[in-house]
Amino acid sequence: MSDRVQTLTPQDVLARADELQRQLGGRFRDKIVESLYHEAEHIARRAVHHRTDRHWDLDQRIDRLVTSPIFGMPLMLLVLAAIFWVTIAGANYPSELLATGLFWFEARAVELFNAWGVPWWVTGFLWHGVYRSLAWVFSVMLPPMAIFFPLFTILEDLGYLPRVAFNLDWLFQKSGAHGKQALTMAMGFGCNAAGVIATRTIDSPRERLIAILTNNFVPCNGRFPTLIMLATIFVAAAFPPAFASLAAAGAVVAVVLLGVLFTLLVSWGLSRTILKGEASAFTLELPPYRRPSVMRILYTSLIDRTLFVLWRAIIVAAPAGAVIWILANISVGGTSLAQHTADLLNPQGVAIGLDGVILLAFVIAIPANEIVVPTILMMYLGTGMMIELEGFEQLRALLVDQHGWTLLTAVNLMLFSLLHNPCGTTIWTIWKETRSRKWTLVGALMPLGIGFLVTFLTATAVHAIGWI
Amino acid sequence: MENGWIWLWFVLALGGLLALRLWARLRPLARWRRWRALRERALFEDALKHLLTCEHSSRDATVESLAGSLGLSQKRLPRLIARMEAAGLLRSHGAALHLSSEGKQWALRVVRAHRLWERYLADEAGLPIGELHHAAERAEHRLTPEELDALDAHLGHPLRDPHGDPIPTAAGAVAPLEALPLTDWPLDQPAQIVHVEDEPEVIFKEIVAERLHPGMSVRILERMPEYLTIYDGQAEHRLTPVVAANIHVAKAPEGPSQPEERIRLADLADGEEAEVVALDPDCRGFSRRRLLDLGLTPGARVRVELSPAFGEPRAIRVRGTLIALRREQAVHVCVRSGSRSGGKTQKPGVSRQ
Amino acid sequence: MKRVQPAMSACETCPAHTRLAQMGIDLAKYDRVVALAGNPNTGKSTVFNALTGLKQHTGNWPGKTVTRAEGGFEWGGIRYKLVDLPGTYSLLSASQDEEIARNFLLFGQPDCTIVVVDATALERNLNLVLQVLEITDKAVVCVNLMDEARRKGLEVDVRSLSRDLGVPAVPTVARTGEGLGDLIRALADVIEGEVRTSPRRPPPPPEVRHAVEELLHLANGLAPSLPNARWVAYRLLEGDHRVRQALLSGELAQLVDAQAAPSRRASRKIALEGAQ
């Protein structure tokens with residue numbers, strides 16, 4: 001007997017396995033899982049004793065409310081709006097303070113350098129190029145992030161996100177997408193690259209690809225500062241001071257909702273054209289609510305997220321600031337290189353309600369979206385006269401009075417920062433996750449195309465009506 | 001001006017380097033060769049399939065019919081036939097073309113690949129039945145025999161593809177299909193759809209539009225000269241005889257696949273409790289495995305707890321956890337309704353009669 | 001995204017387990033490999049962070065750990081490498097995360113596996129525990145979220161659980177560090193053979209028993225003394241691609257050889273200590 005077994009080859013065993021499998025008729029799995037659960041029931045019954053009758057009471061009541069057909073959705077919007085409102089209202093003052101302090105330091109440093117007789121180009125390169133861009137990144141981005149991320153982390157730790165996915169799933173289903181896409185989008189708020197990685201929890205390759213390609217439609221935290229700043233400077237300014245921060249928060253919520261709308265539309269379009277198919281099996285666990293632990297929230301949001309984003313911005317912004325300063329100060333035929341490039345892009349920029357400098361900033365910011373606004377400012381400052389910017393008022397003056405920004409510019413810039421190519425890290429992640437040049441290309445260019453189209457349409461419409 | 005020339009050379013050199021690198025990375029020549037080999041294989045296999053189809057319908061395949069099926073010009077076709085003849089795959093008798101035994105084996109392998117892939121797409125990727133064919137037409141030429149065997153085992157050696165056509169075994173054996181067209185089936189006798197014909201496409205589309213598919217239990221309610229009314233346990237369908245003739249049925253198996261007697265998890269009202277009886281046999285592949293893993297096995301207690309704004313999905317409490325399920329999943333779970341009295345202190349899902 | 005950062009914290013900050021030294025991602029040298037498995041949302045990442053001192057991102061929603069994370073800790077002079085596997089409901093569905101977890105348990109040959117379970121939903125979690133016990137007999141069950149269970153009026157009898165499962169079960173509250181010392185002690189006991197485990201492996205259901213037994217016999221013929229031969233037989237009967245491949249390539253047979261290695265390593269260690 002054992003001799004016969006010894007001479008068996010793996011192929012023989014497999015063949016026999018196939019035969020047995022055929023005889024069992026495909027219900028083997030059912031039987032095994034049933035017996036496992038049967039066993040689990042027995043063991044659990046022996047080990048678990050209920051002391052009281054009431055269980056899941058509070059959880060259930062909260063769940064009834066947050067997923068309620070009537071209150072569920074409004075509550076979700078309210079939570080979102082509240083987070084942005086707190087962020088905007090809270091970040092305003094610290095941002096100004098930081099800006100004032102940092103630029104005061106710059107002025108003193110430049111004076112000192114001048115007094116020492118350091119050549120102008122060293123001073124310019126170091127302080128007006130590198131330092132100034134870093135100062136901008138710090139003062140514009142740090143306060144909002146330090147408020148936004150802890151709030152978001154609280155939601156995450158509480159267990160609210162799966163409820164959001166639960167509320168929204170119907171929409172995703174109708175778009176032919178997976179309900180967990182809402183979760184990957186929530187991750188995308190933090191970082192689109194992280195959102196793309198999180199799509200691994202989606203089992204159907206088709207739906208996973210949809211989630212990857214549309215993740216960029218949620219503004220990541222590199223883009224939030226841009227949105228928040230624009231909302232603060234332009235949208236809030238159009239309202240009386242009492243409602244200013246509320247209006248700004250509303251504008252950011254609107255942009256986020258627009259992102260969700262585009263996610264759904266594009267998912268719908270994809271699942272009816274190049275990624276045809278029906279929604280696959282969807283199961284989502286709604287875990288019990290858990291009290292978030294303060295230390296972990298502070299750690300996760302401040303160290304893991306805020307500092308991470310800031311660091312990324314800095315290591316990109318510093319060299320970018322240097323490059324921009326060089327471009328702005330090397331002249332060919334009387335105009336600077338930066339101006340040449342910006343002029344080259346200007347017609348396209350104007351056609352979509354922006355300008356050449358803004359487009360150039362988006363090109364320079366491909367490695368990290370965080371530096372779009374700092375780049376724009378540096379280009380404006382570098383090519384124009386050097387002025388001290390000590391807060392949002394002066395900033396507004398620079399953009400509106402010197403560079404002709406209008407509400408359309410602001411709105412289209414918000415739209416374009418929502419709808420453009422993903423940052424370099426995200427593109428790289430898409431490539432790593434899909435291993436496909438085609439899908440990486442689609443993932444990079446499709447949002448850009450949509451961005452051009454949408455901003456072109458709004459600009460054309462506004463011009464046609466004659467508002468501006 | 002001189003500077004300009006230096007820049008130009010620099011850019012050109014950089015571009016050249018980049019092009020070289022790309023060439024080395026992408027290997028366009030090798031790719032082109034692979035693509036040609038694949039195209040040739042596809043051509044061979046499509047020709048073999050055509051010959052097999054003709055053989056099954058007892059027609060003689062001819063050069064003309066082959067040209068029509070492959071869409072090849074009269075110039076290229078003789079070359080193809082000569083190559084296939086040289087490879088010992090077919091013999092020509094006058095105008096008629098016949099498969100050799102090797103050719104037939106190969107043809108059956110392609111059919112096997114096609115139908116297994118369809119099964120895979122339907123079970124694991126959840127592709128709708130109407131789109132399986134085209135996807136499989138491409139994949140059938142790419143799969144290697146090893147991949148096919150692995151796929152076959154992974155799918156649990158399915159006997160039929162989603163249309164109900166038999167899947168040939170690796171040895172080339174084909175299980176015959178015993179079924180009657182719906183037009184010949186007696187009134188009011190429970191029947192199970194075992195096969196839907198996917199050609200011609202116009203009629204197949206009508207079948208798909210009615211959401212009829214193999215595995216469904218149906219009954220003929222009335223038979224008129226110009227139409228046939230059938231009932232699938234949930235809805236009535238009115239079919240023209242042409243459509244009905246393309247649907248094949250057999251005697252329905254006893255018990256669980258009779259849909260009308262069963263309440264589905266999706267039918268429960270909010271807050272209602274029930275006990276799982278079985279999973280629908282239609283629920284296959286990944287979807288079935290996931291439902292099982294979550295503990296929706298026979299005997300488990302379930303309760304509908306939450307339904308959001310759009311009424312879907314609904315959150316089900318099973319084995320102490322809250323799981324959101326879409327309606328499509330919930331219809332696959334057959335339940336026995338009724339809340340238990342005095343079961344409050346017990347954990348849901350623990351009890352077993 | 002997981003951003004793993006080495007922790008600066010030494011032992012002073014963690015009074016719950018005084019002899020534990022968190023090593024972060026410093027994995028240059030380690031003596032034992034420990035896998036961390038469990039359902040999603042059972043606080044697996046919290047256990048991982050508490051043991052290694054890393055700050056792996058945690059969040060209360062399913063599926064945030066999608067890749068494998070590794071960290072280390074030292075306890076009683078032995079360095080452990082802890083591998084955090086993706087949270088899964090089962091090891092059978094062959095989705096991507098389950099495959100990662102399954103392949104590591106089978107082919108990664110951890111010295112021990114910690115299965116983290118949610119005390120408030122024991123039944124669902126035990127399904128996975130039983131599956132893990134089919135693959136390996138070196139396991140410890142970490143009954144986490146005991147605080148939540150208490151809040152919900154559930155009393156979990158861990159001793160009954162240990163007895164029924166045949167492996168140690170340790171009650172913990174990973175958030176506060178409660179019970180983690182016991183967990184490590186149990187882990188060390190299982191690895192060093194102080195505690196002999198006899199994992200509960202329910203007999204195959206009657207409808208499939210003959211098939212399982214026949215295949216078990218055949219598999220034993222190919223790879224004698226494979227400890228999880230029955231599980232391999234299960235997988236073959238399900239047409240598991242990876243296990244079929246492993247059988248064909250002889251990888252399974254090699255696993256048997258590798259499984260003898262830990263004891264050799266242990267004996268060498270004893271010899272070294274004896275020499276000092």
# chains A, B, ... in the order shown; residues from 1 in each chain; ligands from 1

$ interface_residues --of "chain A" --to "chain B" --cutoff "7 Å" --atoms "only C-alpha atoms" --output "number ranges by chain"
A: 18, 21-22, 26, 33-34, 37, 41, 53, 64, 67-70, 72, 166-167, 169-170, 204, 277-278, 280-287

$ write_last_selection --atoms "C-alpha atoms" --output "JSON list (two decimals), in the first residue's frame"
[["chain", "number", "residue", "atom", "x", "y", "z"],
["A", 18, "ASP", "CA", -10.26, 16.86, -9.62],
["A", 21, "GLN", "CA", -14.17, 17.47, -6.63],
["A", 22, "ARG", "CA", -16.39, 16.65, -9.59],
["A", 26, "GLY", "CA", -19.51, 21.99, -6.14],
["A", 33, "VAL", "CA", -18.22, 26.60, 6.11],
["A", 34, "GLU", "CA", -21.43, 25.24, 7.61],
["A", 37, "TYR", "CA", -19.85, 27.83, 11.87],
["A", 41, "GLU", "CA", -21.65, 28.32, 17.53],
["A", 53, "ASP", "CA", -30.95, 41.83, 28.49],
["A", 64, "ARG", "CA", -31.09, 54.65, 13.47],
["A", 67, "THR", "CA", -28.69, 56.16, 8.65],
["A", 68, "SER", "CA", -32.25, 57.37, 8.90],
["A", 69, "PRO", "CA", -33.98, 57.87, 5.55],
["A", 70, "ILE", "CA", -34.90, 61.43, 6.56],
["A", 72, "GLY", "CA", -29.16, 60.51, 7.43],
["A", 166, "PHE", "CA", -23.84, 52.78, 3.78],
["A", 167, "ASN", "CA", -25.90, 55.91, 3.13],
["A", 169, "ASP", "CA", -24.12, 53.00, -1.51],
["A", 170, "TRP", "CA", -27.30, 53.19, -3.54],
["A", 204, "SER", "CA", -13.96, 43.00, -8.25],
["A", 277, "GLY", "CA", -20.38, 45.32, -16.11],
["A", 278, "GLU", "CA", -22.84, 45.07, -13.30],
["A", 280, "SER", "CA", -20.68, 42.90, -8.00],
["A", 281, "ALA", "CA", -21.27, 41.42, -4.59],
["A", 282, "PHE", "CA", -21.24, 44.07, -1.94],
["A", 283, "THR", "CA", -20.92, 43.42, 1.75],
["A", 284, "LEU", "CA", -19.87, 46.04, 4.22],
["A", 285, "GLU", "CA", -19.50, 45.62, 7.92],
["A", 286, "LEU", "CA", -20.83, 48.41, 10.10],
["A", 287, "PRO", "CA", -18.63, 48.12, 13.18]]

$ residues_around --residues "region 131-140 of chain C" --least-positions-apart "5" --cutoff "10 Å" --atoms "only C-alpha atoms" --output "PyMOL selection string"
(chain A and resi 33+36) or (chain C and resi 34-38+90-92+102+105-106+109-116+126+162+165-170+183-184+186-191+193+195-202+227-232+234)

$ write_last_selection --atoms "C-alpha atoms" --output "PDB file, in the first residue's frame"
ATOM      1  CA  VAL A  33     -18.221  26.596   6.111  1.00  0.00           C
ATOM      2  CA  LEU A  36     -17.051  25.537  10.837  1.00  0.00           C
TER       3      LEU A  36
ATOM      4  CA  VAL C  34       4.842  35.914  14.751  1.00  0.00           C
ATOM      5  CA  ALA C  35       1.858  36.481  12.476  1.00  0.00           C
ATOM      6  CA  LEU C  36      -1.072  38.626  13.522  1.00  0.00           C
ATOM      7  CA  ALA C  37      -4.348  37.503  11.963  1.00  0.00           C
ATOM      8  CA  GLY C  38      -7.957  38.383  12.633  1.00  0.00           C
ATOM      9  CA  SER C  90     -12.077  33.843   6.291  1.00  0.00           C
ATOM     10  CA  LEU C  91      -9.125  32.302   4.513  1.00  0.00           C
ATOM     11  CA  LEU C  92     -11.271  30.626   1.885  1.00  0.00           C
ATOM     12  CA  ARG C 102      -3.299  32.744   3.818  1.00  0.00           C
ATOM     13  CA  LEU C 105       0.416  31.571   7.275  1.00  0.00           C
ATOM     14  CA  LEU C 106       1.113  28.629   4.994  1.00  0.00           C
ATOM     15  CA  GLN C 109       5.953  29.607   8.326  1.00  0.00           C
ATOM     16  CA  PRO C 110       5.531  31.910  11.312  1.00  0.00           C
ATOM     17  CA  ASP C 111       6.684  30.455  14.628  1.00  0.00           C
ATOM     18  CA  CYS C 112       3.317  31.338  16.082  1.00  0.00           C
ATOM     19  CA  THR C 113       0.135  33.084  15.003  1.00  0.00           C
ATOM     20  CA  ILE C 114      -1.847  35.450  17.169  1.00  0.00           C
ATOM     21  CA  VAL C 115      -5.493  35.466  16.128  1.00  0.00           C
ATOM     22  CA  VAL C 116      -7.177  38.613  17.361  1.00  0.00           C
ATOM     23  CA  LEU C 126     -14.232  31.847  15.755  1.00  0.00           C
ATOM     24  CA  SER C 162      -8.939  27.800  25.582  1.00  0.00           C
ATOM     25  CA  LEU C 165      -9.956  25.501  20.953  1.00  0.00           C
ATOM     26  CA  GLY C 166      -6.946  23.659  22.314  1.00  0.00           C
ATOM     27  CA  VAL C 167      -4.762  26.773  22.214  1.00  0.00           C
ATOM     28  CA  PRO C 168      -4.285  29.541  24.813  1.00  0.00           C
ATOM     29  CA  ALA C 169      -6.892  32.300  24.776  1.00  0.00           C
ATOM     30  CA  VAL C 170      -5.978  35.573  26.459  1.00  0.00           C
ATOM     31  CA  LEU C 183      -0.581  37.578  25.627  1.00  0.00           C
ATOM     32  CA  ILE C 184       3.164  37.750  25.121  1.00  0.00           C
ATOM     33  CA  ALA C 186       1.312  32.823  26.247  1.00  0.00           C
ATOM     34  CA  LEU C 187       2.959  33.468  22.907  1.00  0.00           C
ATOM     35  CA  ALA C 188       6.399  32.694  24.274  1.00  0.00           C
ATOM     36  CA  ASP C 189       5.096  29.566  26.015  1.00  0.00           C
ATOM     37  CA  VAL C 190       3.614  28.248  22.782  1.00  0.00           C
ATOM     38  CA  ILE C 191       6.710  29.013  20.734  1.00  0.00           C
ATOM     39  CA  GLY C 193       6.985  24.478  23.681  1.00  0.00           C
ATOM     40  CA  VAL C 195       2.536  24.882  26.412  1.00  0.00           C
ATOM     41  CA  ARG C 196       1.534  22.047  24.188  1.00  0.00           C
ATOM     42  CA  THR C 197      -1.291  22.996  21.890  1.00  0.00           C
ATOM     43  CA  SER C 198      -3.815  20.581  20.488  1.00  0.00           C
ATOM     44  CA  PRO C 199      -5.857  22.699  18.148  1.00  0.00           C
ATOM     45  CA  ARG C 200      -9.524  21.903  17.718  1.00  0.00           C
ATOM     46  CA  ARG C 201     -10.044  20.528  14.254  1.00  0.00           C
ATOM     47  CA  PRO C 202     -13.648  19.512  13.781  1.00  0.00           C
ATOM     48  CA  PRO C 227       1.070  18.969   9.842  1.00  0.00           C
ATOM     49  CA  ASN C 228      -1.769  20.576   7.925  1.00  0.00           C
ATOM     50  CA  ALA C 229      -2.366  17.811   5.409  1.00  0.00           C
ATOM     51  CA  ARG C 230      -6.082  17.862   5.991  1.00  0.00           C
ATOM     52  CA  TRP C 231      -6.266  21.518   5.224  1.00  0.00           C
ATOM     53  CA  VAL C 232      -4.276  20.907   2.047  1.00  0.00           C
ATOM     54  CA  TYR C 234      -9.624  20.720   1.715  1.00  0.00           C
TER      55      TYR C 234
END

$ interface_residues --of "chain C" --to "chain B" --cutoff "12 Å" --atoms "only C-alpha atoms" --output "MDAnalysis selection string"
chainID C and resid 39:42 62 88:96 98 118:128 131 149 152:154 235:245 248

$ interface_residues --of "chain A" --to "chain C" --cutoff "6 Å" --atoms "only C-alpha atoms" --output "ChimeraX atom specification"
/A:5-6,10,17,21,36-37,40-41,44,47-52,55,156-157,159,194,201

$ closest_residue --among "B:His332, B:His56, B:Arg25, B:Lys251" --to "Ile263 (chain B)" --atoms "only C-alpha atoms"
B:His332

$ residues_around --residues "Val194 (chain B)" --least-positions-apart "5" --cutoff "6 Å" --atoms "only C-alpha atoms" --output "list in words"
Gly164, Pro214, His248 and Val249 of chain B

$ atom_distance --atom1 "CA of Pro225 (chain B)" --atom2 "CA of Arg211 (chain B)"
22.8 Å

$ select_by_dssp --residues "region 182-376 of chain A" --states "strand (DSSP E)" --output "list in words"
Thr283, Leu284, Glu285, Leu286, Ser331, Val332, Thr335 and Ser336 of chain A

$ write_last_selection --atoms "N, CA and C atoms" --output "JSON list (two decimals), in the first residue's frame"
[["chain", "number", "residue", "atom", "x", "y", "z"],
["A", 283, "THR", "N", -20.64, 43.63, 0.33],
["A", 283, "THR", "CA", -20.92, 43.42, 1.75],
["A", 283, "THR", "C", -20.04, 44.39, 2.50],
["A", 284, "LEU", "N", -20.62, 45.07, 3.47],
["A", 284, "LEU", "CA", -19.87, 46.04, 4.22],
["A", 284, "LEU", "C", -20.23, 45.88, 5.68],
["A", 285, "GLU", "N", -19.21, 45.74, 6.50],
["A", 285, "GLU", "CA", -19.50, 45.62, 7.92],
["A", 285, "GLU", "C", -19.65, 47.00, 8.53],
["A", 286, "LEU", "N", -20.67, 47.17, 9.36],
["A", 286, "LEU", "CA", -20.83, 48.41, 10.10],
["A", 286, "LEU", "C", -20.39, 48.13, 11.54],
["A", 331, "SER", "N", 16.68, 86.82, -17.53],
["A", 331, "SER", "CA", 15.90, 87.48, -18.57],
["A", 331, "SER", "C", 16.44, 87.16, -19.95],
["A", 332, "VAL", "N", 15.56, 86.91, -20.86],
["A", 332, "VAL", "CA", 15.94, 86.77, -22.27],
["A", 332, "VAL", "C", 15.14, 87.82, -23.02],
["A", 335, "THR", "N", 12.46, 90.08, -20.97],
["A", 335, "THR", "CA", 11.46, 89.46, -20.08],
["A", 335, "THR", "C", 12.05, 88.20, -19.47],
["A", 336, "SER", "N", 11.55, 87.88, -18.30],
["A", 336, "SER", "CA", 12.10, 86.73, -17.60],
["A", 336, "SER", "C", 11.62, 85.44, -18.24]]

$ residues_around --residues "Arg206 (chain A)" --least-positions-apart "4" --cutoff "12 Å" --atoms "only C-alpha atoms" --output "list in words"
Gly176, Ala177, His178, Thr199, Arg200, Ile202, Ile210, Ala211, Ile212, Leu213, Ser267, Leu270, Ser271, Arg272, Thr273, Ile274, Leu275, Lys276, Gly277, Glu278, Ala279, Ser280, Thr434 and Trp439 of chain A; Leu121, Glu124, Ala125, Gly126 and Leu127 of chain B

$ residues_around --residues "Ser69 (chain B)" --least-positions-apart "3" --cutoff "12 Å" --atoms "only C-alpha atoms" --output "number ranges by chain"
B: 43, 45-51, 53-54, 61-66, 72-73, 77

$ write_last_selection --atoms "C-alpha atoms" --output "short mmCIF file (atom, residue, chain, number, x, y, z; two decimals), in the first residue's frame"
data_model
loop_
_atom_site.label_atom_id
_atom_site.label_comp_id
_atom_site.auth_asym_id
_atom_site.auth_seq_id
_atom_site.Cartn_x
_atom_site.Cartn_y
_atom_site.Cartn_z
CA LEU B 43 -7.07 32.82 -36.75
CA GLU B 45 -8.56 28.65 -33.59
CA ASP B 46 -11.45 30.58 -35.07
CA ALA B 47 -11.18 28.44 -38.20
CA LEU B 48 -11.14 25.26 -36.10
CA LYS B 49 -14.18 26.43 -34.17
CA HIS B 50 -16.05 27.07 -37.38
CA LEU B 51 -15.24 23.58 -38.63
CA THR B 53 -19.66 24.00 -35.44
CA CYS B 54 -20.28 22.77 -38.97
CA ALA B 61 -17.57 23.47 -44.02
CA THR B 62 -16.33 25.00 -47.25
CA VAL B 63 -13.78 27.59 -48.16
CA GLU B 64 -16.64 30.04 -48.68
CA SER B 65 -18.29 29.39 -45.33
CA LEU B 66 -14.90 29.69 -43.64
CA LEU B 72 -10.82 36.87 -44.50
CA SER B 73 -10.18 37.73 -48.12
CA LEU B 77 -7.62 32.13 -46.96
#

$ select_by_dssp --residues "region 128-285 of chain B" --states "alpha helix (DSSP H)" --output "ChimeraX atom specification"
/B:132-139,145-154,201-209,241-245,285

$ residues_around --residues "region 102-111 of chain B" --least-positions-apart "6" --cutoff "8 Å" --atoms "only C-alpha atoms" --output "ChimeraX atom specification"
/B:45,48-49,52,88-90,140-141,167-168,170,172

$ atom_distance --atom1 "CA of Phe148 (chain A)" --atom2 "CA of Glu370 (chain A)"
15.3 Å

$ residues_around --residues "Arg115 (chain B)" --least-positions-apart "6" --cutoff "9 Å" --atoms "only C-alpha atoms" --output "ChimeraX atom specification"
/B:133,136,140,160-163,165-168
